[in-house]
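K.L.:
Structure incoming, see below.
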Amino acid sequence: AWLLGCLVAWLLGCLRRESTGTLSFRCFVGVDGNVVESVVGPAKGFGVSLCSSEGRNSKQTQEIMALFHAARFWTLKHSAWIALVFIAARAAMNAATRRGLEAYRRRKGVKVEVDKLQEEIWLVVCGTVLSAFSGCLLARGPSFEGCNVFDTSRCYADFSVEEIPREIMAYYLIEVGWYVSLILKSVVGVGRFDSLVMEFHHVATLALVIWSYVTGFTKIGVVTFFVFNQSNPLLHLSKLANYMEMTRARAFMFILFAAVFFLSRIVLLPAVVIRSTLREMPLAVSEEDWRGAVVYTWCTTNALLVALWLLNVYWMKPIARVIVRNVKGIDQGTPRDETISRDDADAKTKAA
């Protein structure tokens, strides 16, 4: 929590010195009859020749420039550094906790490896902080009046505004860095491999996050984050309790996780987020914006959201199966673990 607090403070300081507006172009006719192009605004370096006859007459060029807040791509450089900070912090946590967790395993007779315990502790802490961050933005953020899980009527009011509030930008850049670190953690050797389904989930979520960020639909994006983030800490708490063989705690935490997962990802996601993006997004913009740019965002956003929702429905089946098997006493409160370590992957490769 302290580390993420420092990250937010650093990001706000950096973003105060940077402009986050979209690029704007103006074309003038000089005295000699030639067209002169000027890039207006502080985001230099992204210019393309829109003042040429081809650029002015290209409908595709006009639609592309209307679709993206191009300068926001450059601010994503902060997310690369944040991902490195997450990875470095994870490596430091691994080194700091290994000896103590080894002693705990021997004392309590815990059978699982230390890296599994470290994985769940890390995901519980970071998931809780990110969940609280998104909740605080929705509850206290000045930009979220009329944009929350109960009312999404004003979530699209400022999508075309050039400047994005610093607190929303900081949150988005941290989330992008977090998902990049989740994808890279096993590659750099500080975390465990996830299943292919989970890796697909990370990639699809990262694509949705970046798309909503550069197209300006960040308010509904924060609502989506809030819906997704609520069940994550509970899942990893239940897995941690299972690994530590806390019989009562692991059953209670898993049932609590299943209830929150169902309410947030199976019910609230389509009822609040997907309903809003399907029905309210087209009505909240002008016809010109819709035909020129927003229709592409509408198609891409809803395709990714529906894919993630179907993935959650797919996950609901094994969750329900675990609950049924535990109620019948078959598994004795032991959820299934689909993650594998680097050593496990190497062993399977050699065996094959």
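Residues are named by chain letter and number: chains run A, B, ... in the order of the structure tokens, numbers start at 1 in each chain, and ligands are numbered from 1 in the order shown.
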Using only C-alpha atoms, which residues of range 253-336 of chain A come within 8 Å of range 197-221 of chain A, and what is the closest atom pair for each, with the distance in Å to one decimal? Give it as CSV, sorted by chain and residue number.

P.N.:
```
residue,atom,partner,partner_atom,distance
A:Val273,CA,A:Ile220,CA,7.3
A:Thr297,CA,A:Thr215,CA,7.3
A:Thr301,CA,A:Leu208,CA,6.6
A:Leu304,CA,A:Leu208,CA,6.4
A:Leu305,CA,A:Leu208,CA,7.8
A:Leu308,CA,A:His201,CA,7.0
A:Leu311,CA,A:His201,CA,7.8
```

K.L.:
Deliver the residues from the most recent selection as a file, using N, CA and C atoms, as a PDB file, in the first residue's frame.

P.N.:
```
ATOM      1  N   VAL A 273     -22.394  -2.395 -16.806  1.00  0.00           N
ATOM      2  CA  VAL A 273     -21.365  -1.945 -17.745  1.00  0.00           C
ATOM      3  C   VAL A 273     -21.769  -2.222 -19.190  1.00  0.00           C
ATOM      4  N   THR A 297     -15.244   2.537 -31.450  1.00  0.00           N
ATOM      5  CA  THR A 297     -15.077   2.282 -30.020  1.00  0.00           C
ATOM      6  C   THR A 297     -16.195   1.407 -29.492  1.00  0.00           C
ATOM      7  N   THR A 301     -15.160  -2.077 -27.861  1.00  0.00           N
ATOM      8  CA  THR A 301     -15.378  -2.168 -26.418  1.00  0.00           C
ATOM      9  C   THR A 301     -16.360  -3.268 -26.076  1.00  0.00           C
ATOM     10  N   LEU A 304     -14.900  -6.830 -26.577  1.00  0.00           N
ATOM     11  CA  LEU A 304     -13.994  -7.230 -25.503  1.00  0.00           C
ATOM     12  C   LEU A 304     -14.752  -7.492 -24.200  1.00  0.00           C
ATOM     13  N   LEU A 305     -15.739  -6.652 -23.893  1.00  0.00           N
ATOM     14  CA  LEU A 305     -16.512  -6.851 -22.668  1.00  0.00           C
ATOM     15  C   LEU A 305     -17.306  -8.153 -22.706  1.00  0.00           C
ATOM     16  N   LEU A 308     -14.946 -11.057 -22.176  1.00  0.00           N
ATOM     17  CA  LEU A 308     -14.587 -11.211 -20.769  1.00  0.00           C
ATOM     18  C   LEU A 308     -15.751 -11.764 -19.950  1.00  0.00           C
ATOM     19  N   LEU A 311     -15.999 -15.407 -20.563  1.00  0.00           N
ATOM     20  CA  LEU A 311     -14.923 -16.076 -19.836  1.00  0.00           C
ATOM     21  C   LEU A 311     -15.290 -16.244 -18.365  1.00  0.00           C
TER      22      LEU A 311
END
```

K.L.:
Which neighbours of range 175-183 of chain A fall inside 9 Å, counting only C-alpha atoms, when residues of the same chain fewer than 4 positions from it are skipped, and could you give them as a PyMOL selection string?

P.N.:
chain A and resi 76+78-87+126+130+170-171+187+191+194+199+202-203+205-206+209-210+225

K.L.:
Record the distance separating CA of His236 in chain A and CA of Ile121 in chain A, expressed in Å with one decimal.

P.N.:
7.6 Å

K.L.:
Using only C-alpha atoms, pick whichever of A:Val306, A:Val190, A:Ala157, A:Leu237 has the shortest atom-to-atom distance to Ser286 in chain A.

P.N.:
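Result for the nearest residue to Ser286 in chain A: A:Ala157.
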
K.L.:
Could you tell me how far CA of Ala88 in chain A sits from CA of Val110 in chain A, in Å to one decimal place?

P.N.:
27.3 Å

K.L.:
Given only C-alpha atoms as the basis, pick out the residue of A:Val313, A:Cys136, A:Ala284, A:Val327 nearest to Phe159 in chain A.

P.N.:
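The answer is A:Ala284, which sits nearest to Phe159 in chain A.
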
K.L.:
Please extract the residues of range 102-343 of chain A with a backbone DSSP assignment of alpha helix (DSSP H) and present them as a ChimeraX atom specification.

P.N.:
/A:102-108,114-140,166-184,196-215,218-229,232-243,247-261,275,281-284,287-289,295-327,342-343

K.L.:
In Å, rounded to a single decimal, give me how far CA of Phe133 in chain A is from CA of Ser264 in chain A.

P.N.:
16.9 Å

K.L.:
When you count only C-alpha atoms, which of these residues is closest to Leu263 in chain A: A:Ala251, A:Gln230, A:Arg98, A:Leu240?

P.N.:
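Distance minimum relative to Leu263 in chain A lands on A:Gln230.
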
K.L.:
Give the answer as one residue: which of A:Thr224, A:Asn242, A:Asn232, A:Ser131 has the shortest atom-to-atom distance to Ala271 in chain A, using only C-alpha atoms?

P.N.:
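Selected residue with least distance to Ala271 in chain A: A:Thr224.
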
K.L.:
Could you pull the residues within 8 Å of range 152-154 of chain A, counting only C-alpha atoms, minus those fewer than 2 positions along the same chain, as a list in words?

P.N.:
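Within the cut-off, the hits are Glu145, Gly146, Cys147, Asn148, Val149, Phe150, Tyr156, Ala157, Ile220, Val272, Ser276 and Glu280 of chain A.
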
K.L.:
Find the spatial neighbours of Ile266 in chain A, counting only C-alpha atoms, within a cut-off of 8 Å - ignore same-chain residues fewer than 3 positions away - and output them as a list in words.

P.N.:
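Once the adjacent positions are removed, what remains is Phe261, Phe262, Leu263, Leu269, Pro270, Trp309, Asn312 and Val313 of chain A.
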